[in-house]
Amino acid sequence: MSKTIHSFIIIAGTFLLSFVHTASDAEPRTVTLDECINIALQNNPDIFETDENRKKSMADYQTAKAQRGLLVDGQFQTIERMRSDSPSDPAARIPGKDTDIGLFAGLYSHYYLFDAKRKKNEEAARINITLTKIEAEKVKEDVIHEVKKTYYECLMANDIMSIRAKLLENAKDKQRIANTMYNAGLQPATDLTQVNVSYSQAMLDFEKSKNSSKTYLASLYIAMGLRDAPDIVLADIEKENLPVIKYSSEELSKLALLYNPELRIISEKKKISKLQIEIAQTARKPSVLIGMGLGIENKALYIFNDDRGTFTDNFSGKNWGPVFTANVTASIPVYYGGAIIASINSAVIDYNRFTYQERSAQIKIKSNIERQYESMDEIKKQIQIAKMIIENSEKHALLARKNYENGVASLMDLQVAEGGVISARIEYLNCIYQYYMSLASISHTLGMSEDNICQK
């Protein structure tokens with residue numbers, strides 16, 4: 001092997017190893033809540049579906065609008081005319097022999113001079129465009145709320161897992177010290193077994209918290225619309241200066257009546273259902289249709305070979321001539337077996353259903369805002385109490401450690417004191433994240449961003 005080839009292999013191998021080393025040592029990317037929301041808005045399939053619904057509503061509107069305009073068809077139509085020598089008995093007439101059968105070929109257009117139903121259908125289709133836009137907004141708000149909720153749950157699980165990991169390390173150190181002291185005859189067997197139990201419990205708690213973290217992270221990926229799990233780290237949130245809502249509970253309820261997507265959707269559905277009542281009522285009204293035809297016509301096709309002509313004469317230009325026809329058709333319903341009344345009653349029932357749904361939604365929304373608002377006030381008090389408990393429990397744990405080192409307190413006393421610190425910290429984290437989730441819930445209910453309802 002030449003020196004050049006050997007040198008090339010060494011360089012290529014060195015580059016490959018450095019690449020693998022760099023890829024394996026690459027740190028996961030840190031993403032913020034806003035970045036997770038943006039990813040979800042770009043990837044969640046529910047949002048794509050609402051976009052298709054919006055496109056469909058616009059296409060339906062164009063269809064309804066076109067029905068009120070001039071419609072033109074290319075048409076071939078046979079025309080039968082009586083002959084002067086036709087038998088008087090219709091049963092004895094032979095089409096094409098005792099009657100003349102002509103053919104029209106050309107353009108035929110029709111225009112509804114009056115048809116209230118078509119106008120109402122166009123108006124309903126126009127409102128449906130607005131409805132699909134609001135539905136798209138609601139789906140986006142739902143996606144954003146789900147991302148926020150799972151993001152906070154994931155952060156809380158990660159924080160608890162970190163606490164459990166530190167507790168596990170402390171339990172491992174205690175187990176090592178206890179074994180040393182037991183072997184030296186400085187501790188009884190009961191202390192050693194108690195340390196082993198505490199270590200096993202710490203290990204179990206850590207595994208549970210690690211599993212919870214993975215579960216919530218998977219839920220976050222689903223909310224973001226991601227198939228694969230990227231290597232990311234979630235950015236922490238502010239835990240000291242919590243956002244404060246600048247409105248009262250009553251003011252928030254009034255804002256919800258204006259901006260809540262669910263109420264806006266029901267309002268648009270009520271408008272459409274009201275139009276459906278009017279559409280059903282138009283079945284009682286007359287409609288007037290104007291039809292016009294422009295083309296060429298053969299007044300008599302020669303189906304049978306006789307003294308007037310042969311079949312091949314039908315293709316002769318002299319048998320065809322230009323023609324223009326026009327007609328007006330007016331129709332009015334007379335009897336439909338009760339179908340018109342039934343359709344009106346059905347539309348009225350739908351309208352009443354949406355009215356009741358609107359009232360129910362208003363009650364639930366107001367109740368939800370009041371409950372979440374009160375919950376945030378209570379959580380703020382709980383956060384302050386949790387801080388005091390952490391401070392006191394840390395002092396107690398420090399005192400218990402000193403007493404244990406001096407032989408005044410037992411190992412059980414020390415573990416109980418340290419367990420109190422862990423419980424207090426976990427409760428504090430739970431209050432913080434519950435506060436953020438309550439704020440996200442109020443924002444979702446209002447249909448407004450948190451920046452618009454919180455103090456700057």
# chains A, B, ... in the order shown; residues from 1 in each chain; ligands from 1

$ select_by_dssp --residues "segment 33-274 of chain A" --states "helix (DSSP H, G or I)" --output "ChimeraX atom specification"
/A:33-43,45-66,90-92,116-183,189-223,249-259,261-274

$ residues_around --residues "Asn53 of chain A" --least-positions-apart "3" --cutoff "12 Å" --atoms "only C-alpha atoms" --output "CSV table (one decimal) with N, CA and C atoms, in the first residue's frame"
chain,number,residue,atom,x,y,z
A,46,ASP,N,-54.4,18.6,13.6
A,46,ASP,CA,-55.8,19.1,13.8
A,46,ASP,C,-55.9,20.5,13.1
A,47,ILE,N,-54.7,21.3,13.1
A,47,ILE,CA,-54.7,22.6,12.5
A,47,ILE,C,-54.8,22.5,11.0
A,48,PHE,N,-54.1,21.5,10.4
A,48,PHE,CA,-54.2,21.3,9.0
A,48,PHE,C,-55.6,20.9,8.6
A,49,GLU,N,-56.3,20.2,9.4
A,49,GLU,CA,-57.7,19.8,9.1
A,49,GLU,C,-58.6,21.0,9.1
A,50,THR,N,-58.4,21.9,10.0
A,50,THR,CA,-59.3,23.1,10.1
A,50,THR,C,-59.0,24.0,8.8
A,56,LYS,N,-62.9,24.4,2.1
A,56,LYS,CA,-64.1,23.8,1.7
A,56,LYS,C,-65.3,24.7,1.8
A,57,SER,N,-65.3,25.5,2.9
A,57,SER,CA,-66.4,26.5,3.1
A,57,SER,C,-66.4,27.6,2.0
A,58,MET,N,-65.2,28.0,1.6
A,58,MET,CA,-65.1,28.9,0.6
A,58,MET,C,-65.5,28.4,-0.8
A,59,ALA,N,-65.2,27.1,-1.0
A,59,ALA,CA,-65.7,26.4,-2.2
A,59,ALA,C,-67.2,26.3,-2.2
A,60,ASP,N,-67.8,25.9,-1.1
A,60,ASP,CA,-69.2,25.8,-0.9
A,60,ASP,C,-69.9,27.2,-1.2
A,128,ASN,N,-71.0,30.5,6.9
A,128,ASN,CA,-70.2,29.3,7.2
A,128,ASN,C,-68.7,29.5,7.1
A,129,ILE,N,-68.3,30.4,6.2
A,129,ILE,CA,-66.9,30.8,6.1
A,129,ILE,C,-66.4,31.4,7.4
A,130,THR,N,-67.2,32.3,8.0
A,130,THR,CA,-66.9,32.9,9.3
A,130,THR,C,-66.8,31.8,10.3
A,131,LEU,N,-67.8,30.9,10.3
A,131,LEU,CA,-67.8,29.8,11.3
A,131,LEU,C,-66.5,29.0,11.2
A,132,THR,N,-66.1,28.6,10.1
A,132,THR,CA,-64.9,27.8,10.0
A,132,THR,C,-63.6,28.5,10.4
A,133,LYS,N,-63.6,29.8,10.2
A,133,LYS,CA,-62.5,30.6,10.7
A,133,LYS,C,-62.4,30.6,12.2
A,134,ILE,N,-63.6,30.8,12.9
A,134,ILE,CA,-63.6,30.7,14.3
A,134,ILE,C,-63.3,29.3,14.8
A,135,GLU,N,-63.8,28.3,14.1
A,135,GLU,CA,-63.4,26.9,14.5
A,135,GLU,C,-61.9,26.7,14.4
A,136,ALA,N,-61.3,27.3,13.4
A,136,ALA,CA,-59.9,27.2,13.3
A,136,ALA,C,-59.1,27.9,14.4
A,139,VAL,N,-59.4,25.6,17.5
A,139,VAL,CA,-58.5,24.5,17.5
A,139,VAL,C,-57.1,25.0,17.8

$ closest_residue --among "A:Thr32, A:Asn121, A:Gln455, A:Asn44" --to "Arg68 of chain A" --atoms "only C-alpha atoms"
A:Asn121

$ atom_distance --atom1 "atom CA of Lys381 of chain A" --atom2 "atom CA of Lys148 of chain A"
23.0 Å

$ closest_atom_pairs --of "segment 373-429 of chain A" --to "segment 186-202 of chain A" --cutoff "10 Å" --atoms "only C-alpha atoms" --output "JSON lines"
{"residue": "A:Ser410", "atom": "CA", "partner": "A:Asp191", "partner_atom": "CA", "distance": 8.5}
{"residue": "A:Leu411", "atom": "CA", "partner": "A:Asp191", "partner_atom": "CA", "distance": 6.7}
{"residue": "A:Met412", "atom": "CA", "partner": "A:Gln194", "partner_atom": "CA", "distance": 7.7}
{"residue": "A:Gln415", "atom": "CA", "partner": "A:Ser198", "partner_atom": "CA", "distance": 8.2}

$ write_last_selection --atoms "C-alpha atoms" --output "JSON list (two decimals), in the first residue's frame"
[["chain", "number", "residue", "atom", "x", "y", "z"],
["A", 410, "SER", "CA", -31.70, 8.76, 66.04],
["A", 411, "LEU", "CA", -31.32, 8.02, 62.36],
["A", 412, "MET", "CA", -35.11, 7.82, 62.12],
["A", 415, "GLN", "CA", -34.72, 10.82, 57.95]]

$ residues_around --residues "Thr150 of chain A" --least-positions-apart "6" --cutoff "8 Å" --atoms "only C-alpha atoms" --output "list in words"
Tyr216, Leu217, Ser219, Leu220 and Ala223 of chain A

$ closest_residue --among "A:Ile79, A:Met203, A:Ala184, A:Val421" --to "Arg164 of chain A" --atoms "only C-alpha atoms"
A:Met203

$ residues_around --residues "His444 of chain A" --least-positions-apart "4" --cutoff "9 Å" --atoms "only C-alpha atoms" --output "number ranges by chain"
A: 141-142, 144-145, 260, 439-440, 448-450

$ write_last_selection --atoms "C-alpha atoms" --output "compact mmCIF listing (two decimals), in the first residue's frame"
# COMPACT_ATOMS: atom_id res chain seq x y z
CA GLU A 141 -56.34 27.81 21.18
CA ASP A 142 -56.92 24.16 22.17
CA ILE A 144 -51.77 26.06 22.60
CA HIS A 145 -53.50 25.20 25.88
CA ASN A 260 -64.68 32.89 23.89
CA LEU A 439 -53.62 31.01 34.29
CA ALA A 440 -53.41 29.02 31.04
CA MET A 448 -57.17 35.77 24.74
CA SER A 449 -53.41 35.53 25.21
CA GLU A 450 -51.90 35.76 28.68

$ atom_distance --atom1 "atom CA of Lys285 of chain A" --atom2 "atom CA of Pro333 of chain A"
7.2 Å

$ closest_atom_pairs --of "segment 322-392 of chain A" --to "segment 425-436 of chain A" --cutoff "9 Å" --atoms "only C-alpha atoms" --output "tab-separated table"
residue	atom	partner	partner_atom	distance
A:Ser375	CA	A:Tyr435	CA	8.0
A:Met376	CA	A:Tyr435	CA	5.7
A:Asp377	CA	A:Tyr435	CA	8.9
A:Ile379	CA	A:Cys431	CA	6.0
A:Lys380	CA	A:Tyr435	CA	7.6
A:Gln382	CA	A:Cys431	CA	6.8
A:Ile383	CA	A:Cys431	CA	6.0
A:Gln384	CA	A:Tyr428	CA	8.7
A:Ile385	CA	A:Tyr428	CA	8.7
A:Ala386	CA	A:Tyr428	CA	5.3
A:Lys387	CA	A:Tyr428	CA	6.9
A:Ile389	CA	A:Arg425	CA	8.6
A:Ile390	CA	A:Arg425	CA	6.3

$ select_by_dssp --residues "segment 246-391 of chain A" --states "strand (DSSP E)" --output "number ranges by chain"
A: 287-298, 320-331

$ write_last_selection --atoms "C-alpha atoms" --output "mmCIF file, in the first residue's frame"
data_model
loop_
_atom_site.group_PDB
_atom_site.id
_atom_site.type_symbol
_atom_site.label_atom_id
_atom_site.label_comp_id
_atom_site.auth_asym_id
_atom_site.auth_seq_id
_atom_site.Cartn_x
_atom_site.Cartn_y
_atom_site.Cartn_z
ATOM 1 C CA SER A 287 -89.967 30.561 -8.214
ATOM 2 C CA VAL A 288 -89.553 32.031 -11.702
ATOM 3 C CA LEU A 289 -87.063 30.577 -14.185
ATOM 4 C CA ILE A 290 -86.082 32.104 -17.532
ATOM 5 C CA GLY A 291 -84.622 29.730 -20.134
ATOM 6 C CA MET A 292 -82.988 30.665 -23.448
ATOM 7 C CA GLY A 293 -81.523 28.517 -26.212
ATOM 8 C CA LEU A 294 -79.307 29.507 -29.126
ATOM 9 C CA GLY A 295 -78.101 27.010 -31.700
ATOM 10 C CA ILE A 296 -79.138 25.089 -34.782
ATOM 11 C CA GLU A 297 -82.176 22.894 -35.302
ATOM 12 C CA ASN A 298 -83.298 20.160 -37.623
ATOM 13 C CA TRP A 320 -80.424 22.608 -40.465
ATOM 14 C CA GLY A 321 -81.049 26.221 -39.553
ATOM 15 C CA PRO A 322 -80.313 28.691 -36.770
ATOM 16 C CA VAL A 323 -82.798 28.940 -33.942
ATOM 17 C CA PHE A 324 -83.347 30.996 -30.806
ATOM 18 C CA THR A 325 -85.797 29.901 -28.145
ATOM 19 C CA ALA A 326 -86.923 31.450 -24.892
ATOM 20 C CA ASN A 327 -89.336 30.413 -22.206
ATOM 21 C CA VAL A 328 -90.444 31.422 -18.742
ATOM 22 C CA THR A 329 -91.352 28.830 -16.101
ATOM 23 C CA ALA A 330 -93.127 29.769 -12.895
ATOM 24 C CA SER A 331 -93.841 27.176 -10.223
#

$ residues_around --residues "segment 228-237 of chain A" --least-positions-apart "4" --cutoff "6 Å" --atoms "only C-alpha atoms" --output "list in words"
Pro28, Arg29, Thr30, Val31 and Thr32 of chain A

$ closest_atom_pairs --of "segment 249-306 of chain A" --to "segment 350-371 of chain A" --cutoff "8 Å" --atoms "only C-alpha atoms" --output "tab-separated table"
residue	atom	partner	partner_atom	distance
A:Ser249	CA	A:Glu370	CA	6.0
A:Leu252	CA	A:Ile369	CA	7.3
A:Ser253	CA	A:Lys366	CA	5.6
A:Ala256	CA	A:Ile365	CA	7.5
A:Leu257	CA	A:Gln362	CA	7.3
A:Glu262	CA	A:Ala361	CA	7.6
A:Leu263	CA	A:Glu358	CA	6.4
A:Ile266	CA	A:Glu358	CA	6.2
A:Ser267	CA	A:Glu358	CA	7.6
A:Lys269	CA	A:Phe354	CA	7.2
A:Lys270	CA	A:Tyr351	CA	5.9
A:Ser273	CA	A:Tyr351	CA	5.3
A:Lys274	CA	A:Tyr351	CA	6.2

$ write_last_selection --atoms "C-alpha atoms" --output "mmCIF file, in the first residue's frame"
data_model
loop_
_atom_site.group_PDB
_atom_site.id
_atom_site.type_symbol
_atom_site.label_atom_id
_atom_site.label_comp_id
_atom_site.auth_asym_id
_atom_site.auth_seq_id
_atom_site.Cartn_x
_atom_site.Cartn_y
_atom_site.Cartn_z
ATOM 1 C CA SER A 249 -63.422 37.981 37.929
ATOM 2 C CA LEU A 252 -63.022 38.400 32.854
ATOM 3 C CA SER A 253 -66.536 36.941 32.549
ATOM 4 C CA ALA A 256 -65.340 35.786 27.772
ATOM 5 C CA LEU A 257 -68.794 36.618 26.381
ATOM 6 C CA GLU A 262 -67.090 28.280 21.812
ATOM 7 C CA LEU A 263 -69.669 31.040 22.292
ATOM 8 C CA ILE A 266 -72.560 28.735 18.717
ATOM 9 C CA SER A 267 -73.546 32.289 17.733
ATOM 10 C CA LYS A 269 -74.457 28.289 14.148
ATOM 11 C CA LYS A 270 -77.536 30.084 15.456
ATOM 12 C CA SER A 273 -79.994 27.692 11.789
ATOM 13 C CA LYS A 274 -82.145 30.828 11.649
#

$ residues_around --residues "Leu258 of chain A" --least-positions-apart "6" --cutoff "10 Å" --atoms "only C-alpha atoms" --output "compact mmCIF listing (two decimals) with N, CA and C atoms, in the first residue's frame"
# COMPACT_ATOMS: atom_id res chain seq x y z
N ARG A 264 -68.67 32.05 20.33
CA ARG A 264 -68.71 32.63 18.99
C ARG A 264 -69.14 31.60 17.95
N LEU A 446 -61.01 32.41 27.91
CA LEU A 446 -61.30 33.74 27.36
C LEU A 446 -61.09 33.79 25.86
N GLY A 447 -60.17 33.00 25.34
CA GLY A 447 -59.81 33.14 23.94
C GLY A 447 -58.87 34.30 23.72

$ atom_distance --atom1 "atom CA of Tyr108 of chain A" --atom2 "atom CA of Glu80 of chain A"
18.0 Å

$ residues_around --residues "segment 206-214 of chain A" --least-positions-apart "6" --cutoff "9 Å" --atoms "only C-alpha atoms" --output "PyMOL selection string"
chain A and resi 153-158+160-165+167-168

$ decode --residues "segment 124-172 of chain A" --atoms "N, CA and C atoms" --output "tab-separated table (two decimals), in the first residue's frame"
chain	number	residue	atom	x	y	z
A	124	ALA	N	-76.19	31.70	3.89
A	124	ALA	CA	-75.77	30.69	4.87
A	124	ALA	C	-74.35	30.21	4.59
A	125	ALA	N	-74.01	30.06	3.31
A	125	ALA	CA	-72.65	29.63	2.95
A	125	ALA	C	-71.63	30.70	3.32
A	126	ARG	N	-72.00	31.96	3.21
A	126	ARG	CA	-71.09	33.05	3.57
A	126	ARG	C	-70.83	33.04	5.09
A	127	ILE	N	-71.88	32.83	5.87
A	127	ILE	CA	-71.71	32.76	7.33
A	127	ILE	C	-70.88	31.54	7.71
A	128	ASN	N	-71.00	30.48	6.93
A	128	ASN	CA	-70.23	29.26	7.23
A	128	ASN	C	-68.73	29.50	7.09
A	129	ILE	N	-68.34	30.42	6.22
A	129	ILE	CA	-66.92	30.77	6.10
A	129	ILE	C	-66.42	31.37	7.42
A	130	THR	N	-67.22	32.30	7.96
A	130	THR	CA	-66.87	32.88	9.27
A	130	THR	C	-66.82	31.81	10.34
A	131	LEU	N	-67.76	30.88	10.29
A	131	LEU	CA	-67.81	29.81	11.29
A	131	LEU	C	-66.54	28.96	11.24
A	132	THR	N	-66.10	28.59	10.05
A	132	THR	CA	-64.90	27.75	9.95
A	132	THR	C	-63.65	28.51	10.41
A	133	LYS	N	-63.63	29.82	10.20
A	133	LYS	CA	-62.49	30.61	10.69
A	133	LYS	C	-62.44	30.60	12.22
A	134	ILE	N	-63.60	30.76	12.86
A	134	ILE	CA	-63.64	30.74	14.32
A	134	ILE	C	-63.29	29.34	14.84
A	135	GLU	N	-63.77	28.31	14.15
A	135	GLU	CA	-63.43	26.93	14.54
A	135	GLU	C	-61.93	26.69	14.44
A	136	ALA	N	-61.31	27.28	13.41
A	136	ALA	CA	-59.85	27.17	13.28
A	136	ALA	C	-59.14	27.87	14.44
A	137	GLU	N	-59.67	29.03	14.83
A	137	GLU	CA	-59.09	29.75	15.97
A	137	GLU	C	-59.22	28.91	17.25
A	138	LYS	N	-60.38	28.27	17.41
A	138	LYS	CA	-60.60	27.46	18.61
A	138	LYS	C	-59.63	26.27	18.66
A	139	VAL	N	-59.42	25.63	17.52
A	139	VAL	CA	-58.49	24.50	17.48
A	139	VAL	C	-57.08	24.97	17.83
A	140	LYS	N	-56.68	26.14	17.33
A	140	LYS	CA	-55.36	26.68	17.68
A	140	LYS	C	-55.27	26.95	19.18
A	141	GLU	N	-56.34	27.54	19.73
A	141	GLU	CA	-56.34	27.81	21.18
A	141	GLU	C	-56.27	26.50	21.97
A	142	ASP	N	-56.97	25.47	21.50
A	142	ASP	CA	-56.92	24.16	22.17
A	142	ASP	C	-55.51	23.58	22.13
A	143	VAL	N	-54.87	23.70	20.96
A	143	VAL	CA	-53.50	23.17	20.81
A	143	VAL	C	-52.54	23.91	21.73
A	144	ILE	N	-52.65	25.25	21.75
A	144	ILE	CA	-51.77	26.06	22.60
A	144	ILE	C	-51.97	25.69	24.07
A	145	HIS	N	-53.23	25.55	24.48
A	145	HIS	CA	-53.50	25.20	25.88
A	145	HIS	C	-52.95	23.83	26.23
A	146	GLU	N	-53.07	22.88	25.32
A	146	GLU	CA	-52.56	21.53	25.59
A	146	GLU	C	-51.03	21.55	25.68
A	147	VAL	N	-50.38	22.34	24.82
A	147	VAL	CA	-48.92	22.45	24.89
A	147	VAL	C	-48.49	23.07	26.21
A	148	LYS	N	-49.18	24.14	26.63
A	148	LYS	CA	-48.85	24.78	27.91
A	148	LYS	C	-49.02	23.80	29.06
A	149	LYS	N	-50.14	23.11	29.07
A	149	LYS	CA	-50.44	22.18	30.16
A	149	LYS	C	-49.37	21.09	30.25
A	150	THR	N	-49.07	20.44	29.13
A	150	THR	CA	-48.08	19.36	29.16
A	150	THR	C	-46.67	19.89	29.41
A	151	TYR	N	-46.39	21.11	28.97
A	151	TYR	CA	-45.08	21.72	29.21
A	151	TYR	C	-44.87	21.93	30.72
A	152	TYR	N	-45.90	22.48	31.38
A	152	TYR	CA	-45.79	22.71	32.83
A	152	TYR	C	-45.71	21.38	33.59
A	153	GLU	N	-46.51	20.40	33.15
A	153	GLU	CA	-46.47	19.09	33.80
A	153	GLU	C	-45.10	18.45	33.63
A	154	CYS	N	-44.51	18.63	32.46
A	154	CYS	CA	-43.20	18.06	32.19
A	154	CYS	C	-42.13	18.73	33.05
A	155	LEU	N	-42.20	20.06	33.14
A	155	LEU	CA	-41.23	20.78	33.98
A	155	LEU	C	-41.35	20.35	35.44
A	156	MET	N	-42.58	20.24	35.92
A	156	MET	CA	-42.79	19.84	37.31
A	156	MET	C	-42.24	18.43	37.54
A	157	ALA	N	-42.48	17.52	36.60
A	157	ALA	CA	-41.95	16.16	36.74
A	157	ALA	C	-40.43	16.16	36.72
A	158	ASN	N	-39.83	17.02	35.88
A	158	ASN	CA	-38.36	17.10	35.83
A	158	ASN	C	-37.80	17.65	37.14
A	159	ASP	N	-38.45	18.67	37.69
A	159	ASP	CA	-37.97	19.25	38.95
A	159	ASP	C	-38.08	18.24	40.09
A	160	ILE	N	-39.18	17.52	40.13
A	160	ILE	CA	-39.36	16.50	41.17
A	160	ILE	C	-38.34	15.39	40.99
A	161	MET	N	-38.08	15.03	39.73
A	161	MET	CA	-37.08	13.99	39.47
A	161	MET	C	-35.69	14.44	39.95
A	162	SER	N	-35.36	15.72	39.78
A	162	SER	CA	-34.07	16.24	40.26
A	162	SER	C	-33.98	16.15	41.78
A	163	ILE	N	-35.10	16.48	42.44
A	163	ILE	CA	-35.12	16.38	43.91
A	163	ILE	C	-34.96	14.92	44.34
A	164	ARG	N	-35.68	14.02	43.66
A	164	ARG	CA	-35.58	12.60	43.99
A	164	ARG	C	-34.18	12.06	43.73
A	165	ALA	N	-33.52	12.60	42.68
A	165	ALA	CA	-32.17	12.14	42.37
A	165	ALA	C	-31.19	12.54	43.49
A	166	LYS	N	-31.34	13.77	44.00
A	166	LYS	CA	-30.48	14.21	45.11
A	166	LYS	C	-30.77	13.39	46.37
A	167	LEU	N	-32.06	13.10	46.60
A	167	LEU	CA	-32.42	12.29	47.76
A	167	LEU	C	-31.83	10.89	47.65
A	168	LEU	N	-31.82	10.35	46.43
A	168	LEU	CA	-31.24	9.02	46.22
A	168	LEU	C	-29.74	9.03	46.49
A	169	GLU	N	-29.06	10.09	46.06
A	169	GLU	CA	-27.62	10.19	46.33
A	169	GLU	C	-27.35	10.27	47.84
A	170	ASN	N	-28.18	11.07	48.54
A	170	ASN	CA	-28.02	11.18	50.00
A	170	ASN	C	-28.27	9.84	50.68
A	171	ALA	N	-29.30	9.13	50.20
A	171	ALA	CA	-29.62	7.82	50.79
A	171	ALA	C	-28.49	6.82	50.53
A	172	LYS	N	-27.87	6.94	49.36
A	172	LYS	CA	-26.75	6.05	49.04
A	172	LYS	C	-25.56	6.34	49.95
